[in-house]
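A.B. asks: Take a look at coords_1.cif, mmCIF, C-alpha atoms:
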```
data_model
#
loop_
_atom_site.label_atom_id
_atom_site.label_comp_id
_atom_site.auth_asym_id
_atom_site.auth_seq_id
_atom_site.Cartn_x
_atom_site.Cartn_y
_atom_site.Cartn_z
CA MET A 688 53.60 -14.38 -12.77
CA THR A 689 55.68 -15.38 -15.77
CA ASP A 690 53.26 -17.52 -17.72
CA THR A 691 51.68 -15.27 -20.36
CA ALA A 692 48.38 -17.16 -20.64
CA ALA A 693 47.88 -17.22 -16.87
CA ARG A 694 48.75 -13.54 -16.68
CA LEU A 695 46.22 -12.67 -19.39
CA LEU A 696 43.49 -14.56 -17.53
CA ARG A 697 44.38 -12.73 -14.33
CA LEU A 698 44.34 -9.40 -16.18
CA LEU A 699 40.96 -10.22 -17.71
CA SER A 700 39.63 -11.12 -14.27
CA LEU A 701 40.69 -7.72 -12.90
CA LEU A 702 39.20 -5.85 -15.85
CA GLN A 703 35.83 -7.53 -15.29
CA MET A 704 35.43 -5.51 -12.12
CA PRO A 705 33.33 -2.35 -12.81
CA ARG A 706 36.04 0.27 -12.41
CA GLU A 707 38.95 1.86 -14.27
CA TRP A 708 42.39 0.44 -13.56
CA PRO A 709 45.47 2.67 -13.79
CA GLY A 710 48.25 0.91 -15.65
CA SER A 711 50.57 1.21 -12.67
CA GLU A 712 48.08 -0.55 -10.38
CA LEU A 713 47.60 -3.37 -12.88
CA ALA A 714 51.36 -3.74 -13.15
CA ASP A 715 51.64 -3.92 -9.38
CA ARG A 716 48.84 -6.53 -9.13
CA LEU A 717 50.44 -8.69 -11.84
CA GLY A 718 54.02 -8.17 -10.76
CA VAL A 719 55.14 -6.88 -14.17
CA THR A 720 56.14 -3.58 -15.75
CA ASP A 721 53.82 -0.95 -17.18
CA ARG A 722 55.13 -1.86 -20.64
CA THR A 723 54.11 -5.50 -20.18
CA VAL A 724 50.63 -4.39 -19.13
CA ARG A 725 50.30 -2.34 -22.34
CA ARG A 726 51.38 -5.35 -24.42
CA ASP A 727 48.91 -7.61 -22.61
CA ILE A 728 46.10 -5.10 -23.17
CA ASP A 729 46.91 -5.18 -26.90
CA ARG A 730 46.78 -9.00 -26.81
CA LEU A 731 43.31 -8.92 -25.25
CA ARG A 732 42.17 -6.46 -27.92
CA ASP A 733 43.52 -8.77 -30.62
CA LEU A 734 41.41 -11.56 -29.10
CA GLY A 735 38.31 -9.40 -29.48
CA TYR A 736 37.87 -8.04 -25.96
CA PRO A 737 36.92 -4.32 -26.01
CA VAL A 738 39.37 -2.79 -23.55
CA VAL A 739 39.23 1.01 -23.61
CA ALA A 740 41.66 3.45 -22.09
CA ALA A 741 40.84 6.83 -20.56
CA MET A 742 43.52 9.48 -20.36
CA GLY A 743 44.25 11.73 -17.41
CA ALA A 744 45.03 11.38 -13.72
CA ALA A 745 41.72 9.62 -13.01
CA GLY A 746 41.87 7.50 -16.15
CA GLY A 747 42.83 3.93 -16.76
CA TYR A 748 41.77 0.73 -18.49
CA ARG A 749 38.33 -0.86 -18.38
CA LEU A 750 36.43 -3.60 -20.18
CA THR A 751 33.27 -2.53 -21.99
CA ALA A 752 30.38 -4.52 -23.39
CA GLY A 753 31.17 -6.19 -26.69
CA THR A 754 30.05 -8.94 -29.03
CA ALA A 755 32.19 -11.62 -27.38
CA LEU A 756 31.44 -12.96 -23.91
CA PRO A 757 34.74 -13.13 -22.03
CA PRO A 758 35.38 -16.13 -19.78
CA LEU A 759 33.97 -15.53 -16.32
CA ILE A 760 36.80 -15.86 -13.82
CA LEU A 761 35.85 -16.32 -10.17
CA ASP A 762 37.94 -16.74 -7.07
CA ALA A 763 37.06 -19.45 -4.54
CA ASP A 764 34.67 -17.39 -2.41
CA GLU A 765 32.96 -15.92 -5.47
CA ALA A 766 32.40 -19.38 -6.97
CA VAL A 767 30.80 -20.66 -3.76
CA ALA A 768 28.63 -17.53 -3.46
CA VAL A 769 27.39 -17.88 -7.06
CA ALA A 770 26.62 -21.59 -6.60
CA VAL A 771 24.66 -21.02 -3.40
CA GLY A 772 22.85 -18.09 -5.03
CA LEU A 773 21.80 -20.33 -7.93
CA ARG A 774 20.42 -22.90 -5.48
CA VAL A 775 18.32 -20.19 -3.81
CA ALA A 776 17.21 -18.78 -7.18
CA ALA A 777 15.86 -22.19 -8.13
CA GLY A 778 13.16 -21.70 -5.50
CA GLN A 779 12.06 -18.20 -6.48
CA ALA A 780 8.78 -17.27 -8.12
CA VAL A 781 10.18 -16.10 -11.45
CA ALA A 782 8.88 -17.97 -14.49
CA GLY A 783 11.54 -20.24 -15.96
CA ILE A 784 14.21 -19.23 -13.45
CA GLU A 785 14.18 -22.65 -11.76
CA ASP A 786 15.30 -24.57 -14.85
CA ALA A 787 17.77 -21.87 -15.89
CA SER A 788 19.29 -21.81 -12.39
CA VAL A 789 19.65 -25.59 -12.30
CA ARG A 790 21.31 -25.62 -15.74
CA ALA A 791 23.73 -22.85 -14.74
CA LEU A 792 24.50 -24.59 -11.43
CA THR A 793 25.21 -27.86 -13.24
CA LYS A 794 27.64 -26.14 -15.60
CA LEU A 795 29.37 -24.37 -12.72
CA GLU A 796 29.77 -27.50 -10.60
CA GLN A 797 31.26 -29.37 -13.57
CA VAL A 798 34.20 -26.98 -13.75
CA LEU A 799 34.73 -26.38 -10.03
CA PRO A 800 37.82 -27.94 -8.47
CA ALA A 801 37.02 -30.86 -6.16
CA LYS A 802 37.70 -28.82 -3.02
CA LEU A 803 35.31 -26.03 -4.04
CA ARG A 804 32.70 -28.55 -5.20
CA ARG A 805 32.70 -30.05 -1.71
CA ARG A 806 32.28 -26.60 -0.15
CA VAL A 807 29.30 -25.87 -2.39
CA ARG A 808 27.66 -29.18 -1.52
CA VAL A 809 28.24 -28.72 2.21
CA VAL A 810 26.63 -25.28 2.14
CA GLY A 811 23.88 -26.49 -0.18
CA ALA A 812 23.02 -29.34 2.18
CA ALA A 813 22.48 -26.82 4.99
CA VAL A 814 20.31 -24.46 2.91
CA THR A 815 16.66 -25.44 2.60
CA VAL A 816 15.04 -24.10 -0.57
CA ARG A 817 11.33 -24.64 -1.03
CA ALA A 818 9.87 -24.30 -4.52
CA GLY A 819 7.74 -21.22 -5.00
CA GLU A 820 3.93 -21.47 -4.88
CA GLY A 821 1.30 -19.44 -6.66
CA PRO A 822 1.70 -17.11 -9.65
CA THR A 823 5.11 -16.54 -11.17
CA VAL A 824 6.62 -13.38 -12.61
CA ASP A 825 7.57 -12.93 -16.24
CA PRO A 826 11.36 -12.34 -16.24
CA GLU A 827 10.95 -9.62 -18.89
CA VAL A 828 8.51 -7.76 -16.62
CA LEU A 829 10.94 -8.01 -13.72
CA THR A 830 13.79 -6.78 -15.93
CA THR A 831 11.73 -3.80 -17.12
CA LEU A 832 10.83 -2.84 -13.54
CA ALA A 833 14.45 -3.06 -12.40
CA ALA A 834 15.65 -1.05 -15.40
CA ALA A 835 13.14 1.73 -14.64
CA VAL A 836 14.42 1.87 -11.05
CA THR A 837 18.06 1.94 -12.15
CA ASN A 838 17.48 4.53 -14.89
CA ARG A 839 15.20 6.64 -12.64
CA GLU A 840 12.42 6.74 -15.23
CA ARG A 841 8.68 7.03 -14.75
CA LEU A 842 6.82 3.84 -15.53
CA ARG A 843 3.34 3.11 -16.87
CA PHE A 844 1.69 -0.30 -16.62
CA THR A 845 -1.62 -2.13 -16.31
CA TYR A 846 -2.31 -3.58 -12.88
CA ARG A 847 -4.73 -6.36 -11.92
CA ASP A 848 -5.91 -6.30 -8.31
CA ALA A 849 -6.99 -9.32 -6.25
CA THR A 850 -10.45 -9.30 -7.88
CA GLY A 851 -9.00 -9.25 -11.40
CA THR A 852 -10.00 -5.62 -12.03
CA GLU A 853 -7.54 -3.79 -14.28
CA SER A 854 -6.36 -0.21 -13.84
CA HIS A 855 -3.71 1.91 -15.51
CA ARG A 856 -0.91 3.19 -13.29
CA HIS A 857 1.57 6.03 -13.79
CA THR A 858 4.37 5.68 -11.26
CA GLU A 859 7.83 6.69 -10.16
CA PRO A 860 9.57 3.43 -9.18
CA ALA A 861 11.73 3.38 -6.06
CA GLY A 862 12.77 -0.26 -5.96
CA VAL A 863 11.96 -3.92 -6.47
CA ALA A 864 11.81 -6.18 -3.41
CA ALA A 865 11.23 -9.88 -2.77
CA ALA A 866 9.10 -11.06 0.15
CA GLY A 867 7.63 -14.47 0.80
CA ARG A 868 8.68 -15.79 -2.63
CA ARG A 869 6.81 -12.92 -4.28
CA TRP A 870 8.25 -9.87 -6.04
CA TYR A 871 6.96 -6.35 -5.46
CA LEU A 872 7.46 -2.98 -7.12
CA VAL A 873 7.53 -0.08 -4.66
CA ALA A 874 6.64 3.16 -6.42
CA TYR A 875 5.03 6.56 -6.00
CA ASP A 876 1.62 6.54 -7.74
CA LEU A 877 1.33 9.91 -9.49
CA ASP A 878 -2.44 9.69 -10.02
CA ARG A 879 -3.17 8.73 -6.41
CA ASP A 880 -0.45 10.97 -4.95
CA ALA A 881 0.74 8.23 -2.59
CA TRP A 882 3.34 5.49 -2.17
CA ARG A 883 2.19 2.03 -3.20
CA SER A 884 3.54 -1.51 -3.49
CA TYR A 885 2.47 -3.65 -6.47
CA ARG A 886 2.78 -7.40 -6.85
CA ALA A 887 4.97 -7.96 -9.88
CA ASP A 888 2.95 -10.98 -11.06
CA ARG A 889 -0.06 -8.67 -11.44
CA ILE A 890 1.78 -6.07 -13.53
CA GLU A 891 1.22 -6.23 -17.28
CA ARG A 892 2.74 -4.35 -20.21
CA PRO A 893 5.13 -2.12 -18.24
CA HIS A 894 6.92 0.54 -20.26
CA PRO A 895 9.17 3.40 -19.17
CA THR A 896 8.11 6.86 -20.36
CA GLY A 897 11.55 8.47 -20.46
CA ALA A 898 10.45 11.17 -17.97
CA ARG A 899 12.77 11.56 -15.02
CA ILE A 900 11.74 10.69 -11.46
CA THR A 901 11.15 13.45 -8.91
CA ALA A 902 13.29 13.23 -5.78
CA ARG A 903 11.04 11.88 -2.98
CA ASP A 904 11.64 10.40 0.45
CA LEU A 905 10.42 6.82 0.73
CA PRO A 906 8.64 6.44 4.11
CA ALA A 907 10.78 3.41 4.99
CA ALA A 908 14.44 2.50 5.24
CA ASP A 909 14.29 0.78 1.84
CA PRO A 910 11.74 -0.88 -0.50
CA ALA A 911 12.01 -4.21 1.35
CA ASP A 912 11.06 -2.53 4.64
CA TYR A 913 8.16 -0.76 2.91
CA VAL A 914 6.80 -4.10 1.62
CA ALA A 915 7.24 -5.61 5.09
CA GLY A 916 5.18 -2.80 6.60
CA ARG A 917 8.07 -1.20 8.48
CA ARG A 918 7.29 2.39 7.50
CA THR A 919 8.86 5.39 9.20
CA ASP A 920 5.85 7.70 8.82
CA TRP A 921 3.45 5.61 10.87
CA ALA A 922 5.09 6.00 14.29
CA THR A 923 2.53 3.63 15.81
CA PRO A 924 2.90 2.21 19.32
CA GLU A 925 3.58 -1.47 19.82
CA TYR A 926 0.64 -3.87 19.85
CA ARG A 927 0.22 -7.58 20.49
CA VAL A 928 -0.89 -10.03 17.80
CA ASP A 929 -2.12 -13.62 18.15
CA VAL A 930 -3.71 -15.01 14.99
CA THR A 931 -4.33 -18.53 13.70
CA ILE A 932 -4.21 -18.77 9.92
CA GLU A 933 -5.77 -21.72 8.12
CA ALA A 934 -2.99 -22.25 5.58
CA ALA A 935 0.34 -24.01 5.46
CA LEU A 936 3.31 -22.05 6.76
CA ALA A 937 5.00 -22.11 3.33
CA ARG A 938 2.04 -20.27 1.79
CA ILE A 939 2.04 -17.41 4.29
CA ALA A 940 5.68 -17.00 5.34
CA GLY A 941 7.08 -13.60 4.46
CA ARG A 942 3.77 -12.04 3.46
CA LEU A 943 2.91 -10.51 6.84
CA GLY A 944 6.11 -8.60 7.51
CA GLU A 945 6.82 -10.98 10.36
CA GLU A 946 10.08 -11.18 12.24
CA PRO A 947 11.91 -14.52 12.43
CA ASN A 948 10.23 -17.14 14.65
CA THR A 949 6.99 -15.15 15.08
CA LEU A 950 5.12 -17.25 12.50
CA ARG A 951 5.12 -20.97 13.29
CA ALA A 952 3.40 -24.04 11.90
CA ASP A 953 0.61 -25.41 14.11
CA THR A 954 -0.25 -28.32 11.83
CA ALA A 955 0.46 -29.21 8.21
CA THR A 956 -2.44 -26.94 7.17
CA THR A 957 -2.41 -24.15 9.80
CA CYS A 958 0.06 -21.67 11.24
CA ARG A 959 0.04 -19.13 14.05
CA LEU A 960 1.34 -15.57 14.18
CA THR A 961 2.26 -14.39 17.69
CA ALA A 962 4.28 -11.22 18.03
CA THR A 963 4.63 -7.74 19.42
CA ARG A 964 4.66 -5.41 16.42
CA ASP A 965 5.25 -1.73 15.79
CA ASP A 966 3.84 -1.40 12.27
CA ASP A 967 0.36 -0.27 11.20
CA PRO A 968 -2.44 -2.67 12.30
CA THR A 969 -4.41 -1.66 9.20
CA TRP A 970 -1.56 -2.85 6.98
CA LEU A 971 -1.49 -6.22 8.74
CA ALA A 972 -5.29 -6.49 8.54
CA THR A 973 -5.16 -5.82 4.80
CA GLN A 974 -2.43 -8.42 4.30
CA LEU A 975 -4.42 -11.03 6.22
CA LEU A 976 -7.53 -10.34 4.16
CA SER A 977 -5.63 -10.40 0.88
CA SER A 978 -4.06 -13.76 1.74
CA GLY A 979 -7.29 -15.39 0.60
CA VAL A 980 -7.45 -17.88 3.50
CA PRO A 981 -9.54 -17.97 6.72
CA PHE A 982 -7.99 -16.72 9.95
CA ARG A 983 -9.00 -16.15 13.58
CA VAL A 984 -7.83 -13.31 15.83
CA HIS A 985 -7.33 -14.54 19.40
CA ASP A 986 -5.96 -11.52 21.22
CA SER A 987 -5.27 -8.18 19.56
CA PRO A 988 -7.57 -5.20 20.21
CA GLU A 989 -5.68 -3.04 17.71
CA LEU A 990 -5.87 -5.60 14.91
CA THR A 991 -9.53 -6.29 15.68
CA ALA A 992 -10.30 -2.57 15.51
CA ALA A 993 -8.51 -2.29 12.16
CA LEU A 994 -10.49 -5.24 10.77
CA ARG A 995 -13.75 -3.65 11.90
CA VAL A 996 -12.86 -0.40 10.13
CA LEU A 997 -12.16 -2.34 6.93
CA ALA A 998 -15.42 -4.27 7.36
CA ASP A 999 -17.34 -0.99 7.68
CA ARG A 1000 -15.70 0.29 4.50
CA LEU A 1001 -16.68 -2.88 2.64
CA ARG A 1002 -20.28 -2.63 3.82
CA ALA A 1003 -20.41 1.01 2.77
CA ALA A 1004 -18.96 0.15 -0.64
CA LEU A 1005 -21.67 -2.50 -1.09
CA GLY A 1006 -24.41 -0.07 -0.02
CA GLU A 1007 -25.28 -2.00 3.12
#
```
Re-express the file's structure as structure tokens.
C.D. replies:
Amino acid sequence: MTDTAARLLRLLSLLQMPREWPGSELADRLGVTDRTVRRDIDRLRDLGYPVVAAMGAAGGYRLTAGTALPPLILDADEAVAVAVGLRVAAGQAVAGIEDASVRALTKLEQVLPAKLRRRVRVVGAAVTVRAGEGPTVDPEVLTTLAAAVTNRERLRFTYRDATGTESHRHTEPAGVAAAGRRWYLVAYDLDRDAWRSYRADRIERPHPTGARITARDLPAADPADYVAGRRTDWATPEYRVDVTIEAALARIAGRLGEEPNTLRADTATTCRLTATRDDDPTWLATQLLSSGVPFRVHDSPELTAALRVLADRLRAALGE
């Protein structure tokens, strides 16, 4: 690579990866000498890019956050992946993300070479993205939740349940997961001494406390599995489910922890869940009740029993 400008762009692309690059490895990647790499690093610094160097055997060069936004350099596969990701993001239930995703996608497609633009459009034509329904999440709330997970900090927030009742929660976040075009925070509730999942659109005024999170084992493979009801501490036997739900498939899909092809549309306004499941029937019963739509259980003794237990609890709570 003899062209200096092209070499600098390639060097900047490598430095954007989150790691430290030994000078010898950069020289090998660029096909130049170590001395040329040092000169190119100085050129990038002169242009305002904060490249720092760490000494020692494990040291090297890396790009840190600065006041200038460096040009984002993507290879062909990365460009296609970003474009498809933006198409999917346009259908997610995050307030304002649809317009921002479309604007970013438009800018990206304008600068893509014709060959890559065709690839993006071919993939995009095969990907069906349905606009999100129901409440949306404030992006700042979602950012705060994710930051608390990443920084392993305890989090306090106000939570509104399905009835609109507010309560104050003190939690140790484990992760943020998306399911059925909704976002959930999975966290250990310190006041209730139990794991919980919270709909992000019902979380208000979240703020990290600075206190560190206690090491705990999540009773699921990951937060997404916890939200889907696939918990490892239930160890329940398999049971059969056959339920008709009086709502469009798009409204329910992903909310019941269903496997692919187990929830199908019956009509434009109804869908049917038929499956053999190994999660907790009480969890499924709760999800069906919280969906806010009528449903009929055709054949599932375990689910029927769970619904009866919940009905007894409701009657007791109402003093009946």
A.B. asks: Which residues fall under the PyMOL selection byres ((chain A and resi 904) around 12) in this file, as a list in words?
C.D. replies: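 In the shown coordinates, the PyMOL selection byres ((chain A and resi 904) around 12) covers Glu859, Ala861, Ala874, Tyr875, Ala881, Trp882, Ile900, Thr901, Ala902, Arg903, Leu905, Pro906, Ala907, Ala908, Asp909, Pro910, Tyr913, Arg918, Thr919 and Asp920 of chain A.
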A.B. asks: How about saving the chosen residues, C-alpha atoms kept, as a short mmCIF file (atom, residue, chain, number, x, y, z; two decimals), keeping the file's coordinate frame?
C.D. replies:
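The resulting again.cif:
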```
data_model
loop_
_atom_site.label_atom_id
_atom_site.label_comp_id
_atom_site.auth_asym_id
_atom_site.auth_seq_id
_atom_site.Cartn_x
_atom_site.Cartn_y
_atom_site.Cartn_z
CA GLU A 859 7.83 6.69 -10.16
CA ALA A 861 11.73 3.38 -6.06
CA ALA A 874 6.64 3.16 -6.42
CA TYR A 875 5.03 6.56 -6.00
CA ALA A 881 0.74 8.23 -2.59
CA TRP A 882 3.34 5.49 -2.17
CA ILE A 900 11.74 10.69 -11.46
CA THR A 901 11.15 13.45 -8.91
CA ALA A 902 13.29 13.23 -5.78
CA ARG A 903 11.04 11.88 -2.98
CA LEU A 905 10.42 6.82 0.73
CA PRO A 906 8.64 6.44 4.11
CA ALA A 907 10.78 3.41 4.99
CA ALA A 908 14.44 2.50 5.24
CA ASP A 909 14.29 0.78 1.84
CA PRO A 910 11.74 -0.88 -0.50
CA TYR A 913 8.16 -0.76 2.91
CA ARG A 918 7.29 2.39 7.50
CA THR A 919 8.86 5.39 9.20
CA ASP A 920 5.85 7.70 8.82
#
```
A.B. asks: Would you list the contacts of His894 in chain A as number ranges by chain, taking every protein, DNA or RNA residue within 8 Å and counting only C-alpha atoms, but skipping same-chain residues closer than 2 positions in sequence?
C.D. replies: A: 831, 842-844, 892, 896
A.B. asks: Looking at only C-alpha atoms, which of A:Gln703, A:Thr949, A:Ser978, A:Ser711 is the one that sits closest to Tyr736 in chain A?
C.D. replies: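 Of A:Gln703, A:Thr949, A:Ser978, A:Ser711, the one nearest Tyr736 in chain A, counting only C-alpha atoms, is A:Gln703.
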A.B. asks: Go through A:Leu829, A:Ala898, A:Val719, A:Ala791 and flag the residue nearest Thr858 in chain A, using all atoms listed in the file for the distances.
C.D. replies: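 Smallest separation from Thr858 in chain A among the options: A:Ala898.
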A.B. asks: With all atoms listed in the file counted, which protein, DNA or RNA residues have an atom no more than 12 Å from (2.1, -26.8, 9.1) in the file frame? Please answer as a list in words.
C.D. replies: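 Within 12 Å of (2.1, -26.8, 9.1), the protein and nucleic acid residues are Thr931, Ile932, Glu933, Ala934, Ala935, Leu936, Ala937, Arg938, Ile939, Ala940, Leu950, Arg951, Ala952, Asp953, Thr954, Ala955, Thr956, Thr957, Cys958 and Arg959 of chain A.
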A.B. asks: Rank A:Leu761, A:Ala865, A:Leu997, A:Val836 by their smallest atom-to-atom distance to Leu799 in chain A, using all atoms listed in the file, and report the top residue only.
C.D. replies: A:Leu761
